[in-house]
$ cat query-v9.txt   # compact mmCIF, C-alpha atoms
# COMPACT_ATOMS: atom_id res chain seq x y z
CA MET Z 1 156.27 207.20 -94.00
CA ARG Z 2 159.27 208.48 -92.04
CA VAL Z 3 162.41 206.36 -91.80
CA TYR Z 4 165.60 207.02 -89.88
CA LEU Z 5 168.70 206.02 -91.80
CA ASP Z 6 171.73 204.79 -89.93
CA THR Z 7 175.09 205.99 -91.21
CA ASN Z 8 175.93 202.63 -92.78
CA VAL Z 9 173.00 203.03 -95.20
CA LEU Z 10 174.55 206.24 -96.54
CA ILE Z 11 178.03 204.70 -96.69
CA ALA Z 12 176.77 201.61 -98.54
CA TYR Z 13 175.51 203.82 -101.38
CA PHE Z 14 179.12 204.75 -102.19
CA LYS Z 15 180.69 201.35 -101.50
CA PRO Z 16 180.06 198.81 -104.29
CA ASN Z 17 181.37 195.85 -102.27
CA ASP Z 18 179.01 196.53 -99.34
CA PRO Z 19 176.36 193.80 -98.89
CA TYR Z 20 173.68 196.51 -98.74
CA TYR Z 21 174.99 198.53 -101.72
CA LEU Z 22 172.04 197.86 -104.07
CA ASP Z 23 169.35 198.10 -101.40
CA SER Z 24 170.79 201.34 -100.03
CA ARG Z 25 170.79 202.83 -103.51
CA LYS Z 26 167.12 201.85 -103.94
CA ILE Z 27 166.14 203.35 -100.58
CA LEU Z 28 168.09 206.58 -100.96
CA THR Z 29 166.67 207.26 -104.41
CA TYR Z 30 163.09 206.37 -103.45
CA ASP Z 31 161.10 209.60 -103.18
CA GLU Z 32 157.94 208.23 -101.54
CA ILE Z 33 159.38 208.20 -98.01
CA ASP Z 34 160.75 210.88 -95.71
CA LYS Z 35 164.40 209.96 -95.14
CA ILE Z 36 165.56 211.19 -91.75
CA VAL Z 37 169.16 211.50 -90.57
CA SER Z 38 170.66 213.36 -87.63
CA PHE Z 39 173.60 215.55 -86.81
CA LEU Z 40 175.23 212.35 -85.54
CA THR Z 41 174.65 210.53 -88.85
CA LEU Z 42 176.31 213.34 -90.79
CA THR Z 43 179.25 213.56 -88.38
CA GLU Z 44 179.81 209.82 -88.49
CA PHE Z 45 179.38 209.79 -92.29
CA SER Z 46 182.16 212.38 -92.66
CA SER Z 47 184.56 210.37 -90.52
CA VAL Z 48 183.90 207.06 -92.23
CA ILE Z 49 183.75 208.34 -95.80
CA SER Z 50 187.06 210.22 -95.42
CA ARG Z 51 188.80 207.02 -94.25
CA LEU Z 52 187.25 204.97 -97.05
CA GLU Z 53 188.13 207.59 -99.66
CA LYS Z 54 191.78 207.58 -98.55
CA GLY Z 55 191.75 203.78 -98.82
CA GLY Z 56 190.17 203.80 -102.28
CA GLN Z 57 187.18 201.78 -101.05
CA ILE Z 58 184.38 204.03 -102.27
CA LYS Z 59 183.09 205.22 -105.60
CA PHE Z 60 181.71 208.72 -106.12
CA ALA Z 61 179.56 209.69 -109.09
CA PRO Z 62 181.67 211.60 -111.62
CA GLU Z 63 179.90 214.93 -110.95
CA ILE Z 64 180.74 214.95 -107.23
CA GLY Z 65 184.12 213.24 -107.69
CA LYS Z 66 185.29 216.10 -109.93
CA ILE Z 67 184.05 218.73 -107.50
CA ILE Z 68 185.59 217.30 -104.34
CA SER Z 69 188.89 216.36 -105.96
CA LYS Z 70 189.54 220.09 -106.48
CA MET Z 71 188.58 221.02 -102.91
CA PRO Z 72 190.97 221.39 -100.00
CA LEU Z 73 190.63 218.41 -97.64
CA LYS Z 74 189.07 220.59 -94.92
CA GLN Z 75 186.17 221.53 -97.20
CA ARG Z 76 185.46 218.08 -98.67
CA ALA Z 77 183.41 216.88 -95.72
CA ILE Z 78 181.05 219.86 -95.79
CA ILE Z 79 180.66 219.66 -99.58
CA LEU Z 80 179.87 215.92 -99.36
CA LEU Z 81 177.33 216.49 -96.56
CA LYS Z 82 175.53 219.18 -98.52
CA TYR Z 83 175.63 216.96 -101.62
CA ILE Z 84 174.05 213.90 -99.97
CA VAL Z 85 171.43 215.92 -98.08
CA LYS Z 86 170.32 217.59 -101.31
CA LYS Z 87 170.70 214.59 -103.66
CA PHE Z 88 168.68 212.24 -101.44
CA ASN Z 89 166.33 214.88 -100.01
CA LEU Z 90 167.36 214.02 -96.45
CA LYS Z 91 165.73 215.70 -93.50
CA VAL Z 92 168.33 216.41 -90.82
CA LEU Z 93 167.48 216.35 -87.11
CA GLY Z 94 169.47 218.83 -85.06
CA ALA Z 95 170.32 218.53 -81.39
CA LYS Z 96 167.25 218.90 -79.18
CA GLU Z 97 168.46 220.92 -76.19
CA LEU Z 98 171.11 221.15 -73.51
CA ILE Z 99 170.29 219.78 -70.07
CA SER Z 100 172.18 220.86 -66.97
CA LEU Z 101 173.25 218.05 -64.69
CA ARG Z 102 175.11 218.40 -61.41
CA VAL Z 103 178.21 216.18 -61.48
CA ASN Z 104 180.56 216.18 -58.49
CA GLY Z 105 179.31 219.57 -57.37
CA GLU Z 106 179.60 221.22 -60.78
CA VAL Z 107 176.87 221.91 -63.30
CA VAL Z 108 177.63 220.25 -66.63
CA SER Z 109 175.63 220.79 -69.82
CA PHE Z 110 174.72 217.64 -71.74
CA PRO Z 111 172.87 217.39 -75.04
CA LEU Z 112 169.55 215.69 -74.31
CA GLU Z 113 170.44 212.92 -76.80
CA PHE Z 114 173.54 212.03 -74.75
CA LEU Z 115 171.55 211.75 -71.52
CA LYS Z 116 169.02 209.52 -73.27
CA ALA Z 117 171.88 207.37 -74.64
CA ILE Z 118 173.31 207.08 -71.14
CA SER Z 119 169.93 205.92 -69.81
CA LEU Z 120 169.64 203.32 -72.60
CA SER Z 121 173.23 202.06 -72.34
CA TYR Z 122 172.70 199.46 -69.63
CA GLU Z 123 169.49 198.14 -71.17
CA LEU Z 124 170.95 197.83 -74.67
CA GLY Z 125 174.65 197.19 -74.13
CA LEU Z 126 175.49 198.71 -77.52
CA LYS Z 127 178.44 200.80 -78.66
CA THR Z 128 178.35 204.52 -77.94
CA LEU Z 129 177.33 205.72 -81.39
CA ASP Z 130 174.68 202.99 -81.67
CA ASN Z 131 173.20 204.09 -78.32
CA LEU Z 132 173.21 207.69 -79.55
CA HIS Z 133 171.36 206.80 -82.77
CA ILE Z 134 168.76 204.86 -80.76
CA ALA Z 135 168.42 207.79 -78.33
CA ILE Z 136 167.86 210.22 -81.22
CA VAL Z 137 165.17 207.98 -82.67
CA ALA Z 138 163.54 207.56 -79.24
CA LEU Z 139 163.37 211.33 -78.68
CA GLU Z 140 162.18 212.09 -82.20
CA ASN Z 141 159.59 209.32 -82.04
CA LYS Z 142 157.92 211.20 -79.17
CA LEU Z 143 157.54 214.30 -81.37
CA ALA Z 144 156.82 212.83 -84.79
CA ARG Z 145 156.59 209.12 -85.46
CA ILE Z 146 159.55 207.33 -87.01
CA ASP Z 147 158.12 204.29 -88.80
CA TYR Z 148 161.39 202.39 -89.29
CA PHE Z 149 165.03 202.60 -88.27
CA ILE Z 150 167.00 201.23 -91.23
CA THR Z 151 170.45 199.87 -90.43
CA GLY Z 152 172.98 197.29 -91.49
CA ASP Z 153 174.54 197.28 -88.01
CA ARG Z 154 174.53 193.71 -86.72
CA ASP Z 155 174.48 194.75 -83.03
CA ILE Z 156 171.38 196.89 -83.52
CA ILE Z 157 169.68 194.23 -85.66
CA ASP Z 158 170.40 191.57 -83.03
CA ASN Z 159 168.73 193.77 -80.39
CA ARG Z 160 165.74 194.80 -82.49
CA LYS Z 161 163.10 193.34 -80.16
CA THR Z 162 164.48 195.15 -77.12
CA ILE Z 163 164.85 198.40 -79.08
CA LEU Z 164 161.27 198.14 -80.35
CA LYS Z 165 160.06 197.78 -76.74
CA LEU Z 166 162.17 200.69 -75.47
CA VAL Z 167 161.81 203.08 -78.38
CA GLY Z 168 158.64 202.02 -80.20
CA CYS Z 169 160.34 201.90 -83.58
CA PRO Z 170 160.88 198.74 -85.63
CA ILE Z 171 164.39 198.00 -86.89
CA SER Z 172 164.91 196.87 -90.48
CA THR Z 173 167.92 196.04 -92.61
CA PRO Z 174 168.15 197.83 -95.96
CA LYS Z 175 167.32 194.54 -97.70
CA GLU Z 176 164.24 193.91 -95.52
CA PHE Z 177 162.99 197.45 -96.03
CA ALA Z 178 163.57 197.41 -99.80
CA GLU Z 179 161.60 194.13 -100.02
CA LEU Z 180 158.84 195.49 -97.76
CA MET Z 181 158.46 198.54 -100.02
CA GLY Z 182 158.70 196.51 -103.24
CA LEU Z 183 161.83 198.34 -104.38
$ encode --input "query-v9.txt" --output "structure tokens"
Amino acid sequence: MRVYLDTNVLIAYFKPNDPYYLDSRKILTYDEIDKIVSFLTLTEFSSVISRLEKGGQIKFAPEIGKIISKMPLKQRAIILLKYIVKKFNLKVLGAKELISLRVNGEVVSFPLEFLKAISLSYELGLKTLDNLHIAIVALENKLARIDYFITGDRDIIDNRKTILKLVGCPISTPKEFAELMGL
């Protein structure tokens, strides 16, 4: 089974007061599924985790806390990304390809995921990063099936029926997925 993890699932693992803290920990440490993230997930994770760390809102395991506390700020994000990818055995989707589009007489290169997000934006009415995650899942689902998109994002959850129709991938909260898998 292949599941796409939204950024908030990764963040919840490090945030004890998150409503999905325990379920995210169960999912991320469960080895019987392929856990898929994207370049977008990792970029968003770095931005959010750095803000939460500065605010004292997250808790790192002692082994990683010691390592990153000695690192210059510029290197912390990369170290954390490598740590979570390895620790949770995450499979990372890279950008698909660049597509040239003529805009006002000039050729502009767009990542395919961005063009897909643009095409979904009016149908879904979600925030930019949410549209991008859905676009990534839609494109990947054409190549290799994604069985579930796991998210704690209320806007995505509220639009799960529409997303299922457009993308062919069911949406699940961490709690729903953990219960489904008997975790």
$ closest_residue --input "query-v9.txt" --among "Z:Ile150, Z:Val108, Z:Ile68, Z:Ala117" --to "Leu166 (chain Z)" --atoms "only C-alpha atoms"
Z:Ala117
$ closest_residue --input "query-v9.txt" --among "Z:Leu139, Z:Met1, Z:Val37, Z:Asn131" --to "Asn159 (chain Z)" --atoms "all atoms listed in the file"
Z:Asn131
$ atom_distance --input "query-v9.txt" --atom1 "CA of Ile163 (chain Z)" --atom2 "CA of Leu132 (chain Z)"
12.5 Å
$ residues_around --input "query-v9.txt" --residues "Asp153 (chain Z)" --least-positions-apart "4" --cutoff "12 Å" --atoms "only C-alpha atoms" --output "PDB file with C-alpha atoms, in the frame of the given file"
ATOM      1  CA  LEU Z   5     168.700 206.020 -91.800  1.00  0.00           C
ATOM      2  CA  ASP Z   6     171.730 204.790 -89.930  1.00  0.00           C
ATOM      3  CA  THR Z   7     175.090 205.990 -91.210  1.00  0.00           C
ATOM      4  CA  ASN Z   8     175.930 202.630 -92.780  1.00  0.00           C
ATOM      5  CA  VAL Z   9     173.000 203.030 -95.200  1.00  0.00           C
ATOM      6  CA  ILE Z  11     178.030 204.700 -96.690  1.00  0.00           C
ATOM      7  CA  ALA Z  12     176.770 201.610 -98.540  1.00  0.00           C
ATOM      8  CA  PRO Z  19     176.360 193.800 -98.890  1.00  0.00           C
ATOM      9  CA  TYR Z  20     173.680 196.510 -98.740  1.00  0.00           C
ATOM     10  CA  LEU Z 126     175.490 198.710 -77.520  1.00  0.00           C
ATOM     11  CA  LYS Z 127     178.440 200.800 -78.660  1.00  0.00           C
ATOM     12  CA  LEU Z 129     177.330 205.720 -81.390  1.00  0.00           C
ATOM     13  CA  ASP Z 130     174.680 202.990 -81.670  1.00  0.00           C
ATOM     14  CA  ASN Z 131     173.200 204.090 -78.320  1.00  0.00           C
ATOM     15  CA  HIS Z 133     171.360 206.800 -82.770  1.00  0.00           C
ATOM     16  CA  ILE Z 134     168.760 204.860 -80.760  1.00  0.00           C
ATOM     17  CA  PHE Z 149     165.030 202.600 -88.270  1.00  0.00           C
ATOM     18  CA  ILE Z 157     169.680 194.230 -85.660  1.00  0.00           C
ATOM     19  CA  ASP Z 158     170.400 191.570 -83.030  1.00  0.00           C
ATOM     20  CA  ASN Z 159     168.730 193.770 -80.390  1.00  0.00           C
ATOM     21  CA  ARG Z 160     165.740 194.800 -82.490  1.00  0.00           C
ATOM     22  CA  ILE Z 171     164.390 198.000 -86.890  1.00  0.00           C
ATOM     23  CA  SER Z 172     164.910 196.870 -90.480  1.00  0.00           C
ATOM     24  CA  THR Z 173     167.920 196.040 -92.610  1.00  0.00           C
ATOM     25  CA  PRO Z 174     168.150 197.830 -95.960  1.00  0.00           C
TER      26      PRO Z 174
END
$ residues_around --input "query-v9.txt" --residues "Glu32 (chain Z)" --least-positions-apart "4" --cutoff "10 Å" --atoms "all atoms listed in the file" --output "MDAnalysis selection string"
chainID Z and resid 1:2 27 181
$ write_last_selection --input "query-v9.txt" --atoms "C-alpha atoms" --output "PDB file, in the frame of the given file"
ATOM      1  CA  MET Z   1     156.270 207.200 -94.000  1.00  0.00           C
ATOM      2  CA  ARG Z   2     159.270 208.480 -92.040  1.00  0.00           C
ATOM      3  CA  ILE Z  27     166.140 203.350-100.580  1.00  0.00           C
ATOM      4  CA  MET Z 181     158.460 198.540-100.020  1.00  0.00           C
TER       5      MET Z 181
END
$ atom_distance --input "query-v9.txt" --atom1 "CA of Phe60 (chain Z)" --atom2 "CA of Phe39 (chain Z)"
22.0 Å
$ closest_residue --input "query-v9.txt" --among "Z:Val3, Z:Leu73, Z:Phe177, Z:Ser119" --to "Val137 (chain Z)" --atoms "only C-alpha atoms"
Z:Val3
$ closest_residue --input "query-v9.txt" --among "Z:Lys165, Z:Lys87, Z:Lys142, Z:Arg102" --to "Ala61 (chain Z)" --atoms "all atoms listed in the file"
Z:Lys87
$ closest_atom_pairs --input "query-v9.txt" --of "region 76-142 of chain Z" --to "region 47-55 of chain Z" --cutoff "10 Å" --atoms "all atoms listed in the file" --output "tab-separated table"
residue	atom	partner	partner_atom	distance
Z:Arg76	CA	Z:Ser50	CA	8.7
Z:Ala77	CA	Z:Ser50	CA	7.6
Z:Leu80	CA	Z:Ile49	CA	9.2
$ atom_distance --input "query-v9.txt" --atom1 "CA of Lys66 (chain Z)" --atom2 "CA of Lys86 (chain Z)"
17.3 Å
$ residues_near_point --input "query-v9.txt" --point "(166.9, 221.5, -67.6)" --cutoff "10 Å" --atoms "only C-alpha atoms" --output "VMD selection string"
chain Z and resid 97 to 101 109 to 110 112
$ residues_around --input "query-v9.txt" --residues "Ile118 (chain Z)" --least-positions-apart "3" --cutoff "9 Å" --atoms "only C-alpha atoms" --output "ChimeraX atom specification"
/Z:113-115,121-122,128,131-132,135
$ closest_residue --input "query-v9.txt" --among "Z:Leu81, Z:Gly152, Z:Cys169, Z:Thr162" --to "Asp23 (chain Z)" --atoms "all atoms listed in the file"
Z:Gly152
$ closest_residue --input "query-v9.txt" --among "Z:Leu143, Z:Ile136, Z:Leu10, Z:Val167" --to "Leu42 (chain Z)" --atoms "all atoms listed in the file"
Z:Leu10
$ decode --input "query-v9.txt" --residues "region 16-150 of chain Z" --atoms "C-alpha atoms" --output "PDB file, in the first residue's frame"
ATOM      1  CA  PRO Z  16       2.924  16.721  21.312  1.00  0.00           C
ATOM      2  CA  ASN Z  17      -0.063  19.088  21.522  1.00  0.00           C
ATOM      3  CA  ASP Z  18      -1.175  18.344  17.943  1.00  0.00           C
ATOM      4  CA  PRO Z  19      -4.511  16.467  17.773  1.00  0.00           C
ATOM      5  CA  TYR Z  20      -2.907  13.949  15.392  1.00  0.00           C
ATOM      6  CA  TYR Z  21       0.327  13.515  17.398  1.00  0.00           C
ATOM      7  CA  LEU Z  22      -0.249   9.881  18.433  1.00  0.00           C
ATOM      8  CA  ASP Z  23      -1.757   8.761  15.129  1.00  0.00           C
ATOM      9  CA  SER Z  24       1.038  10.389  13.133  1.00  0.00           C
ATOM     10  CA  ARG Z  25       3.612   8.615  15.273  1.00  0.00           C
ATOM     11  CA  LYS Z  26       1.870   5.279  14.626  1.00  0.00           C
ATOM     12  CA  ILE Z  27       1.718   5.878  10.862  1.00  0.00           C
ATOM     13  CA  LEU Z  28       5.274   7.134  10.485  1.00  0.00           C
ATOM     14  CA  THR Z  29       6.727   4.194  12.402  1.00  0.00           C
ATOM     15  CA  TYR Z  30       4.578   1.585  10.634  1.00  0.00           C
ATOM     16  CA  ASP Z  31       6.796  -0.310   8.192  1.00  0.00           C
ATOM     17  CA  GLU Z  32       4.099  -2.182   6.255  1.00  0.00           C
ATOM     18  CA  ILE Z  33       3.208   0.748   3.991  1.00  0.00           C
ATOM     19  CA  ASP Z  34       5.151   2.811   1.475  1.00  0.00           C
ATOM     20  CA  LYS Z  35       5.158   6.352   2.851  1.00  0.00           C
ATOM     21  CA  ILE Z  36       5.358   8.869   0.020  1.00  0.00           C
ATOM     22  CA  VAL Z  37       6.224  12.556   0.339  1.00  0.00           C
ATOM     23  CA  SER Z  38       7.239  15.105  -2.269  1.00  0.00           C
ATOM     24  CA  PHE Z  39       9.716  17.883  -2.775  1.00  0.00           C
ATOM     25  CA  LEU Z  40       6.872  20.187  -1.727  1.00  0.00           C
ATOM     26  CA  THR Z  41       6.282  18.273   1.531  1.00  0.00           C
ATOM     27  CA  LEU Z  42       9.942  18.572   2.477  1.00  0.00           C
ATOM     28  CA  THR Z  43      10.100  22.265   1.583  1.00  0.00           C
ATOM     29  CA  GLU Z  44       6.964  23.026   3.566  1.00  0.00           C
ATOM     30  CA  PHE Z  45       8.185  20.860   6.473  1.00  0.00           C
ATOM     31  CA  SER Z  46      11.406  22.895   6.688  1.00  0.00           C
ATOM     32  CA  SER Z  47       9.521  26.187   6.806  1.00  0.00           C
ATOM     33  CA  VAL Z  48       7.007  25.082   9.413  1.00  0.00           C
ATOM     34  CA  ILE Z  49       9.394  23.154  11.648  1.00  0.00           C
ATOM     35  CA  SER Z  50      11.851  26.072  11.787  1.00  0.00           C
ATOM     36  CA  ARG Z  51       9.079  28.429  12.963  1.00  0.00           C
ATOM     37  CA  LEU Z  52       7.827  25.922  15.528  1.00  0.00           C
ATOM     38  CA  GLU Z  53      11.341  25.237  16.794  1.00  0.00           C
ATOM     39  CA  LYS Z  54      11.957  28.960  17.325  1.00  0.00           C
ATOM     40  CA  GLY Z  55       8.668  29.132  19.234  1.00  0.00           C
ATOM     41  CA  GLY Z  56       9.486  26.111  21.398  1.00  0.00           C
ATOM     42  CA  GLN Z  57       6.403  24.248  20.153  1.00  0.00           C
ATOM     43  CA  ILE Z  58       8.057  21.016  19.032  1.00  0.00           C
ATOM     44  CA  LYS Z  59       9.953  18.206  20.676  1.00  0.00           C
ATOM     45  CA  PHE Z  60      12.865  16.456  18.987  1.00  0.00           C
ATOM     46  CA  ALA Z  61      14.193  13.083  20.100  1.00  0.00           C
ATOM     47  CA  PRO Z  62      17.398  13.572  22.101  1.00  0.00           C
ATOM     48  CA  GLU Z  63      19.619  12.050  19.389  1.00  0.00           C
ATOM     49  CA  ILE Z  64      18.534  14.541  16.713  1.00  0.00           C
ATOM     50  CA  GLY Z  65      18.132  17.431  19.162  1.00  0.00           C
ATOM     51  CA  LYS Z  66      21.808  17.158  20.134  1.00  0.00           C
ATOM     52  CA  ILE Z  67      22.929  16.988  16.519  1.00  0.00           C
ATOM     53  CA  ILE Z  68      20.947  19.958  15.214  1.00  0.00           C
ATOM     54  CA  SER Z  69      21.622  22.163  18.231  1.00  0.00           C
ATOM     55  CA  LYS Z  70      25.312  22.168  17.226  1.00  0.00           C
ATOM     56  CA  MET Z  71      24.586  22.935  13.569  1.00  0.00           C
ATOM     57  CA  PRO Z  72      24.540  26.377  11.994  1.00  0.00           C
ATOM     58  CA  LEU Z  73      20.948  27.448  11.291  1.00  0.00           C
ATOM     59  CA  LYS Z  74      21.470  27.179   7.515  1.00  0.00           C
ATOM     60  CA  GLN Z  75      22.308  23.474   7.808  1.00  0.00           C
ATOM     61  CA  ARG Z  76      19.572  22.455  10.254  1.00  0.00           C
ATOM     62  CA  ALA Z  77      16.864  22.155   7.616  1.00  0.00           C
ATOM     63  CA  ILE Z  78      18.880  19.793   5.421  1.00  0.00           C
ATOM     64  CA  ILE Z  79      19.949  17.680   8.416  1.00  0.00           C
ATOM     65  CA  LEU Z  80      16.324  17.414   9.598  1.00  0.00           C
ATOM     66  CA  LEU Z  81      15.113  16.465   6.109  1.00  0.00           C
ATOM     67  CA  LYS Z  82      17.706  13.728   5.778  1.00  0.00           C
ATOM     68  CA  TYR Z  83      16.872  12.537   9.297  1.00  0.00           C
ATOM     69  CA  ILE Z  84      13.111  12.198   8.728  1.00  0.00           C
ATOM     70  CA  VAL Z  85      13.494  10.615   5.282  1.00  0.00           C
ATOM     71  CA  LYS Z  86      15.827   7.972   6.701  1.00  0.00           C
ATOM     72  CA  LYS Z  87      14.106   7.458  10.083  1.00  0.00           C
ATOM     73  CA  PHE Z  88      10.652   6.938   8.565  1.00  0.00           C
ATOM     74  CA  ASN Z  89      11.826   5.318   5.316  1.00  0.00           C
ATOM     75  CA  LEU Z  90      10.070   7.980   3.237  1.00  0.00           C
ATOM     76  CA  LYS Z  91      10.041   7.800  -0.524  1.00  0.00           C
ATOM     77  CA  VAL Z  92      10.447  11.286  -1.988  1.00  0.00           C
ATOM     78  CA  LEU Z  93       8.818  12.299  -5.273  1.00  0.00           C
ATOM     79  CA  GLY Z  94      10.845  14.804  -7.254  1.00  0.00           C
ATOM     80  CA  ALA Z  95       9.496  17.306  -9.742  1.00  0.00           C
ATOM     81  CA  LYS Z  96       8.170  15.630 -12.889  1.00  0.00           C
ATOM     82  CA  GLU Z  97       9.231  17.927 -15.725  1.00  0.00           C
ATOM     83  CA  LEU Z  98       9.217  21.502 -16.958  1.00  0.00           C
ATOM     84  CA  ILE Z  99       6.533  22.524 -19.424  1.00  0.00           C
ATOM     85  CA  SER Z 100       6.908  25.558 -21.669  1.00  0.00           C
ATOM     86  CA  LEU Z 101       3.888  27.818 -21.818  1.00  0.00           C
ATOM     87  CA  ARG Z 102       3.546  30.970 -23.895  1.00  0.00           C
ATOM     88  CA  VAL Z 103       2.466  33.839 -21.635  1.00  0.00           C
ATOM     89  CA  ASN Z 104       2.049  37.315 -23.129  1.00  0.00           C
ATOM     90  CA  GLY Z 105       4.316  36.459 -26.037  1.00  0.00           C
ATOM     91  CA  GLU Z 106       7.092  34.961 -23.913  1.00  0.00           C
ATOM     92  CA  VAL Z 107       7.843  31.313 -23.263  1.00  0.00           C
ATOM     93  CA  VAL Z 108       7.774  30.553 -19.540  1.00  0.00           C
ATOM     94  CA  SER Z 109       8.845  27.236 -17.999  1.00  0.00           C
ATOM     95  CA  PHE Z 110       6.471  25.807 -15.399  1.00  0.00           C
ATOM     96  CA  PRO Z 111       6.919  22.652 -13.352  1.00  0.00           C
ATOM     97  CA  LEU Z 112       4.206  20.227 -14.472  1.00  0.00           C
ATOM     98  CA  GLU Z 113       2.892  20.068 -10.881  1.00  0.00           C
ATOM     99  CA  PHE Z 114       2.230  23.830 -10.922  1.00  0.00           C
ATOM    100  CA  LEU Z 115       0.257  23.638 -14.168  1.00  0.00           C
ATOM    101  CA  LYS Z 116      -1.808  20.781 -12.746  1.00  0.00           C
ATOM    102  CA  ALA Z 117      -2.419  22.831  -9.565  1.00  0.00           C
ATOM    103  CA  ILE Z 118      -3.535  25.764 -11.690  1.00  0.00           C
ATOM    104  CA  SER Z 119      -5.991  23.532 -13.563  1.00  0.00           C
ATOM    105  CA  LEU Z 120      -7.385  22.184 -10.266  1.00  0.00           C
ATOM    106  CA  SER Z 121      -7.590  25.558  -8.515  1.00  0.00           C
ATOM    107  CA  TYR Z 122     -11.034  26.597  -9.734  1.00  0.00           C
ATOM    108  CA  GLU Z 123     -12.548  23.169  -9.151  1.00  0.00           C
ATOM    109  CA  LEU Z 124     -11.158  22.815  -5.625  1.00  0.00           C
ATOM    110  CA  GLY Z 125     -10.879  26.373  -4.334  1.00  0.00           C
ATOM    111  CA  LEU Z 126      -8.071  25.381  -1.956  1.00  0.00           C
ATOM    112  CA  LYS Z 127      -4.971  27.252  -0.832  1.00  0.00           C
ATOM    113  CA  THR Z 128      -1.948  27.187  -3.119  1.00  0.00           C
ATOM    114  CA  LEU Z 129       0.075  24.556  -1.271  1.00  0.00           C
ATOM    115  CA  ASP Z 130      -2.998  22.343  -0.857  1.00  0.00           C
ATOM    116  CA  ASN Z 131      -3.643  22.532  -4.615  1.00  0.00           C
ATOM    117  CA  LEU Z 132       0.000  21.649  -5.244  1.00  0.00           C
ATOM    118  CA  HIS Z 133      -0.148  18.579  -2.972  1.00  0.00           C
ATOM    119  CA  ILE Z 134      -3.324  17.419  -4.732  1.00  0.00           C
ATOM    120  CA  ALA Z 135      -1.689  18.014  -8.131  1.00  0.00           C
ATOM    121  CA  ILE Z 136       1.353  15.953  -7.117  1.00  0.00           C
ATOM    122  CA  VAL Z 137      -0.879  13.096  -5.994  1.00  0.00           C
ATOM    123  CA  ALA Z 138      -2.941  13.321  -9.202  1.00  0.00           C
ATOM    124  CA  LEU Z 139       0.160  13.121 -11.405  1.00  0.00           C
ATOM    125  CA  GLU Z 140       1.776  10.341  -9.377  1.00  0.00           C
ATOM    126  CA  ASN Z 141      -1.478   8.387  -9.271  1.00  0.00           C
ATOM    127  CA  LYS Z 142      -1.310   8.115 -13.073  1.00  0.00           C
ATOM    128  CA  LEU Z 143       2.137   6.475 -12.850  1.00  0.00           C
ATOM    129  CA  ALA Z 144       1.851   4.354  -9.712  1.00  0.00           C
ATOM    130  CA  ARG Z 145      -1.269   4.150  -7.604  1.00  0.00           C
ATOM    131  CA  ILE Z 146      -1.478   6.178  -4.401  1.00  0.00           C
ATOM    132  CA  ASP Z 147      -3.936   4.332  -2.153  1.00  0.00           C
ATOM    133  CA  TYR Z 148      -4.530   7.135   0.366  1.00  0.00           C
ATOM    134  CA  PHE Z 149      -3.687  10.787   0.869  1.00  0.00           C
ATOM    135  CA  ILE Z 150      -3.290  11.242   4.631  1.00  0.00           C
TER     136      ILE Z 150
END
